>>> print(open('protein_38.cif').read())   # mmCIF, C-alpha atoms
data_coords
#
loop_
_atom_site.label_atom_id
_atom_site.label_comp_id
_atom_site.auth_asym_id
_atom_site.auth_seq_id
_atom_site.Cartn_x
_atom_site.Cartn_y
_atom_site.Cartn_z
CA ARG A 1 41.88 127.89 20.58
CA PRO A 2 40.30 128.07 17.17
CA VAL A 3 42.71 127.86 14.25
CA GLY A 4 41.69 128.43 10.65
CA ASN A 5 42.18 125.61 8.17
CA GLY A 6 43.84 126.92 5.02
CA SER A 7 42.72 123.80 3.15
CA SER A 8 39.04 124.49 3.72
CA GLY A 9 37.00 124.53 0.52
CA ARG A 10 39.66 122.79 -1.58
CA VAL A 11 40.50 119.19 -2.36
CA ALA A 12 43.80 118.26 -0.71
CA ALA A 13 46.79 118.15 -3.04
CA PHE A 14 47.53 114.56 -1.97
CA SER A 15 43.98 113.38 -2.73
CA SER A 16 43.68 110.99 -5.65
CA GLY A 17 41.06 111.28 -8.34
CA GLY A 18 40.47 110.61 -12.00
CA LEU A 19 39.12 107.54 -13.70
CA ALA A 20 38.57 104.16 -12.07
CA PHE A 21 39.45 101.00 -14.00
CA ASP A 22 35.90 100.73 -15.35
CA GLY A 23 35.97 104.33 -16.62
CA ARG A 24 33.86 105.93 -13.88
CA VAL A 25 35.06 109.18 -12.39
CA ARG A 26 36.42 108.88 -8.87
CA PRO A 27 35.79 110.01 -6.20
CA ASP A 28 31.99 110.07 -6.02
CA LEU A 29 32.23 113.04 -3.64
CA VAL A 30 34.69 114.58 -1.20
CA ALA A 31 34.66 115.46 2.50
CA PRO A 32 36.90 117.49 4.81
CA GLY A 33 40.02 115.47 5.61
CA VAL A 34 42.86 117.89 6.40
CA GLY A 35 43.67 119.05 9.93
CA LEU A 36 40.43 117.88 11.55
CA ALA A 37 40.37 118.41 15.32
CA THR A 38 39.80 115.23 17.31
CA ASP A 39 40.28 113.79 20.78
CA ASP A 40 43.69 112.31 21.47
CA ALA A 41 43.88 109.10 23.51
CA ARG A 42 46.87 110.44 25.41
CA VAL A 43 46.44 112.59 28.49
CA ASP A 44 48.37 115.78 29.14
CA PRO A 45 50.74 116.17 32.13
CA ARG A 46 47.84 117.45 34.24
CA GLY A 47 45.83 114.26 33.65
CA ARG A 48 43.33 115.85 31.26
CA GLY A 49 42.45 114.60 27.83
CA SER A 50 44.17 116.26 24.93
CA HIS A 51 43.36 117.04 21.34
CA ALA A 52 45.06 116.27 18.07
CA THR A 53 44.41 116.74 14.38
CA ALA A 54 43.76 114.04 11.81
CA THR A 55 44.50 114.23 8.11
CA GLY A 56 43.81 111.80 5.29
CA THR A 57 41.26 109.44 3.82
CA SER A 58 40.41 108.00 7.23
CA ALA A 59 39.44 111.44 8.51
CA ALA A 60 37.37 112.20 5.39
CA ALA A 61 35.70 108.78 5.58
CA ALA A 62 34.65 109.48 9.16
CA VAL A 63 33.10 112.80 8.12
CA THR A 64 31.26 111.10 5.25
CA ALA A 65 30.04 108.29 7.53
CA GLY A 66 28.79 110.89 10.01
CA ALA A 67 26.95 112.74 7.25
CA ALA A 68 25.40 109.47 6.04
CA ALA A 69 24.30 108.63 9.60
CA LEU A 70 22.64 112.03 10.00
CA VAL A 71 20.79 111.68 6.69
CA ALA A 72 19.76 108.09 7.50
CA GLN A 73 18.37 109.29 10.83
CA ALA A 74 16.49 112.16 9.16
CA ARG A 75 15.22 109.94 6.31
CA PRO A 76 14.83 106.37 7.60
CA GLU A 77 12.77 105.40 4.53
CA LEU A 78 15.84 105.60 2.28
CA GLY A 79 17.68 102.37 1.54
CA ALA A 80 21.46 102.24 1.17
CA ARG A 81 21.45 102.96 -2.58
CA ALA A 82 19.04 105.89 -2.27
CA LEU A 83 21.06 107.22 0.68
CA LYS A 84 24.21 107.22 -1.46
CA ALA A 85 22.28 108.80 -4.32
CA VAL A 86 21.02 111.74 -2.25
CA LEU A 87 24.47 112.28 -0.69
CA VAL A 88 26.16 112.36 -4.10
CA GLY A 89 23.34 114.25 -5.81
CA SER A 90 23.26 117.03 -3.22
CA ALA A 91 27.02 117.55 -2.92
CA ALA A 92 28.22 121.16 -3.21
CA ARG A 93 30.51 121.90 -6.16
CA LEU A 94 33.93 123.28 -5.22
CA GLY A 95 34.89 124.34 -8.75
CA GLN A 96 37.89 122.03 -9.06
CA GLY A 97 36.57 119.73 -11.76
CA VAL A 98 34.80 116.41 -11.59
CA ALA A 99 38.05 114.40 -11.78
CA ARG A 100 39.23 116.05 -8.53
CA GLU A 101 36.02 116.42 -6.54
CA GLY A 102 33.47 114.06 -8.06
CA ALA A 103 30.03 115.53 -7.40
CA GLY A 104 31.51 117.92 -4.82
CA LEU A 105 31.62 118.37 -1.05
CA VAL A 106 29.29 116.18 1.04
CA ASP A 107 26.40 118.25 2.43
CA ALA A 108 24.25 116.40 4.99
CA SER A 109 21.77 119.26 5.25
CA ALA A 110 21.10 119.32 1.50
CA ALA A 111 20.93 115.51 1.34
CA SER A 112 18.37 115.41 4.14
CA THR A 113 15.96 117.48 2.03
CA ALA A 114 16.87 116.18 -1.46
CA ALA A 115 13.88 115.43 -3.66
CA LEU A 116 15.56 113.05 -6.12
CA ALA A 117 17.73 109.96 -5.95
CA VAL A 118 19.56 109.24 -9.21
CA GLU A 119 21.14 105.82 -9.63
CA PRO A 120 23.84 105.14 -10.54
CA SER A 121 25.60 108.28 -9.39
CA ALA A 122 28.20 107.91 -12.16
CA LEU A 123 28.13 106.16 -15.53
CA ALA A 124 30.90 104.36 -17.35
CA PHE A 125 30.64 103.16 -20.93
CA GLY A 126 34.09 101.69 -21.34
CA ARG A 127 36.13 102.27 -24.46
CA ALA A 128 34.63 102.52 -27.91
CA THR A 129 36.10 99.73 -30.01
CA ASP A 130 35.18 101.08 -33.46
CA LYS A 131 32.94 103.62 -35.22
CA ALA A 132 29.93 101.30 -35.00
CA TRP A 133 30.37 100.87 -31.22
CA SER A 134 27.20 101.32 -29.22
CA ASP A 135 26.22 100.75 -25.63
CA SER A 136 23.37 101.64 -23.30
CA ARG A 137 22.88 102.28 -19.62
CA THR A 138 19.81 102.73 -17.48
CA ILE A 139 19.53 105.69 -15.14
CA THR A 140 16.81 105.50 -12.51
CA VAL A 141 15.47 108.77 -11.13
CA THR A 142 13.28 108.37 -8.05
CA ASN A 143 11.30 111.07 -6.31
CA VAL A 144 12.18 110.46 -2.65
CA SER A 145 10.16 113.43 -1.43
CA ARG A 146 6.49 114.21 -1.09
CA ARG A 147 6.81 117.15 -3.48
CA VAL A 148 5.84 117.18 -7.13
CA VAL A 149 9.05 117.32 -9.18
CA HIS A 150 9.18 118.29 -12.85
CA LEU A 151 12.17 116.88 -14.74
CA GLY A 152 13.76 117.52 -18.08
CA PHE A 153 16.65 115.68 -19.72
CA ALA A 154 19.12 116.89 -22.29
CA SER A 155 22.62 116.20 -23.50
CA VAL A 156 25.28 118.54 -24.75
CA SER A 157 27.87 117.26 -27.18
CA ASP A 158 31.00 118.72 -28.68
CA GLN A 159 30.27 116.80 -31.88
CA GLU A 160 27.90 117.69 -34.73
CA ARG A 161 25.82 114.59 -34.12
CA SER A 162 25.20 113.89 -30.45
CA PRO A 163 26.32 110.40 -29.42
CA PHE A 164 23.63 110.36 -26.70
CA SER A 165 19.93 109.70 -26.86
CA PHE A 166 17.23 109.30 -24.26
CA THR A 167 14.45 106.74 -24.46
#
>>> encode(input="protein_38.cif", output="structure tokens")
Amino acid sequence: RPVGNGSSGRVAAFSSGGLAFDGRVRPDLVAPGVGLATDDARVDPRGRGSHATATGTSAAAAVTAGAAALVAQARPELGARALKAVLVGSAARLGQGVAREGAGLVDASAASTAALAVEPSALAFGRATDKAWSDSRTITVTNVSRRVVHLGFASVSDQERSPFSFT
């Protein structure tokens, strides 16, 4: 019988997130991983297969792998890096903050029609060592569709002089 999942649409309380050692935000994205219905290897007293629920990173990883497989099948021209980029770039925000959900909830349907692949999906600049500290990173934006895409870039800073520039 169908049973509602009260955790649907939220990141599980036991899920880890925050900053990785190199300063990037983790996770890249999230997937359902609480109370997922699955087949159980055991058989019931009548000799029929039974069902169980799975919870945790392993369950969420399986959902993410399934989504990646669907997108790879729909878009065989995408390499592994572009596949990750469209999965992360098309994730649906849950409203829990980037340190809890990364880019958001994996969405295979949106990824299968995504127009852009942005690499890397997250940037880390490390720690500033002094006021003269400076660093740069390259972001590659690739049109992975057949559509014309118009892009604009901007940065928003909470400081008078923006620490970011685009070249």
>>> resolve_selection(input="protein_38.cif", expression="the PyMOL selection byres ((chain A and resi 94) around 10)", output="tab-separated table (two decimals) with C-alpha atoms, in the coordinates of the input")
chain	number	residue	atom	x	y	z
A	9	GLY	CA	37.00	124.53	0.52
A	10	ARG	CA	39.66	122.79	-1.58
A	11	VAL	CA	40.50	119.19	-2.36
A	30	VAL	CA	34.69	114.58	-1.20
A	91	ALA	CA	27.02	117.55	-2.92
A	92	ALA	CA	28.22	121.16	-3.21
A	93	ARG	CA	30.51	121.90	-6.16
A	95	GLY	CA	34.89	124.34	-8.75
A	96	GLN	CA	37.89	122.03	-9.06
A	97	GLY	CA	36.57	119.73	-11.76
A	98	VAL	CA	34.80	116.41	-11.59
A	100	ARG	CA	39.23	116.05	-8.53
A	101	GLU	CA	36.02	116.42	-6.54
A	102	GLY	CA	33.47	114.06	-8.06
A	103	ALA	CA	30.03	115.53	-7.40
A	104	GLY	CA	31.51	117.92	-4.82
A	105	LEU	CA	31.62	118.37	-1.05
>>> closest_residue(input="protein_38.cif", among="A:Lys131, A:His150, A:Arg75, A:Lys84", to="A:Ser112", atoms="all atoms listed in the file")
A:Arg75
>>> atom_distance(input="protein_38.cif", atom1="atom CA of A:Arg137", atom2="atom CA of A:Pro120")
9.6 Å
>>> resolve_selection(input="protein_38.cif", expression="the PyMOL selection byres ((chain A and resi 138-143) around 10)", output="NGL selection string")
:A and (82 or 85 or 114-123 or 136-137 or 144-151 or 166-167)
>>> resolve_selection(input="protein_38.cif", expression="the PyMOL selection byres ((chain A and resi 126) around 12)", output="PyMOL selection string")
chain A and resi 19-25+123-125+127-129+133-137
>>> atom_distance(input="protein_38.cif", atom1="atom CA of A:Ala69", atom2="atom CA of A:Pro27")
19.6 Å
>>> closest_residue(input="protein_38.cif", among="A:Ala108, A:Gln73, A:Ala67, A:Gly35", to="A:Thr55", atoms="only C-alpha atoms")
A:Gly35
>>> residues_around(input="protein_38.cif", residues="A:Ala74", least_positions_apart="3", cutoff="10 Å", atoms="only C-alpha atoms", output="list in words")
Ala68, Ala69, Leu70, Val71, Glu77, Leu78, Ala108, Ser109, Ala111, Ser112 and Thr113 of chain A
>>> write_last_selection(input="protein_38.cif", atoms="C-alpha atoms", output="compact mmCIF listing (two decimals), in the frame of the given file")
# COMPACT_ATOMS: atom_id res chain seq x y z
CA ALA A 68 25.40 109.47 6.04
CA ALA A 69 24.30 108.63 9.60
CA LEU A 70 22.64 112.03 10.00
CA VAL A 71 20.79 111.68 6.69
CA GLU A 77 12.77 105.40 4.53
CA LEU A 78 15.84 105.60 2.28
CA ALA A 108 24.25 116.40 4.99
CA SER A 109 21.77 119.26 5.25
CA ALA A 111 20.93 115.51 1.34
CA SER A 112 18.37 115.41 4.14
CA THR A 113 15.96 117.48 2.03
>>> atom_distance(input="protein_38.cif", atom1="atom CA of A:Thr53", atom2="atom CA of A:Thr38")
5.7 Å
>>> closest_residue(input="protein_38.cif", among="A:Gly152, A:Gly56, A:Gly89, A:Pro76", to="A:Leu36", atoms="all atoms listed in the file")
A:Gly56
>>> closest_residue(input="protein_38.cif", among="A:Ala59, A:Ala72, A:Val86, A:Ala110", to="A:Ala31", atoms="all atoms listed in the file")
A:Ala59
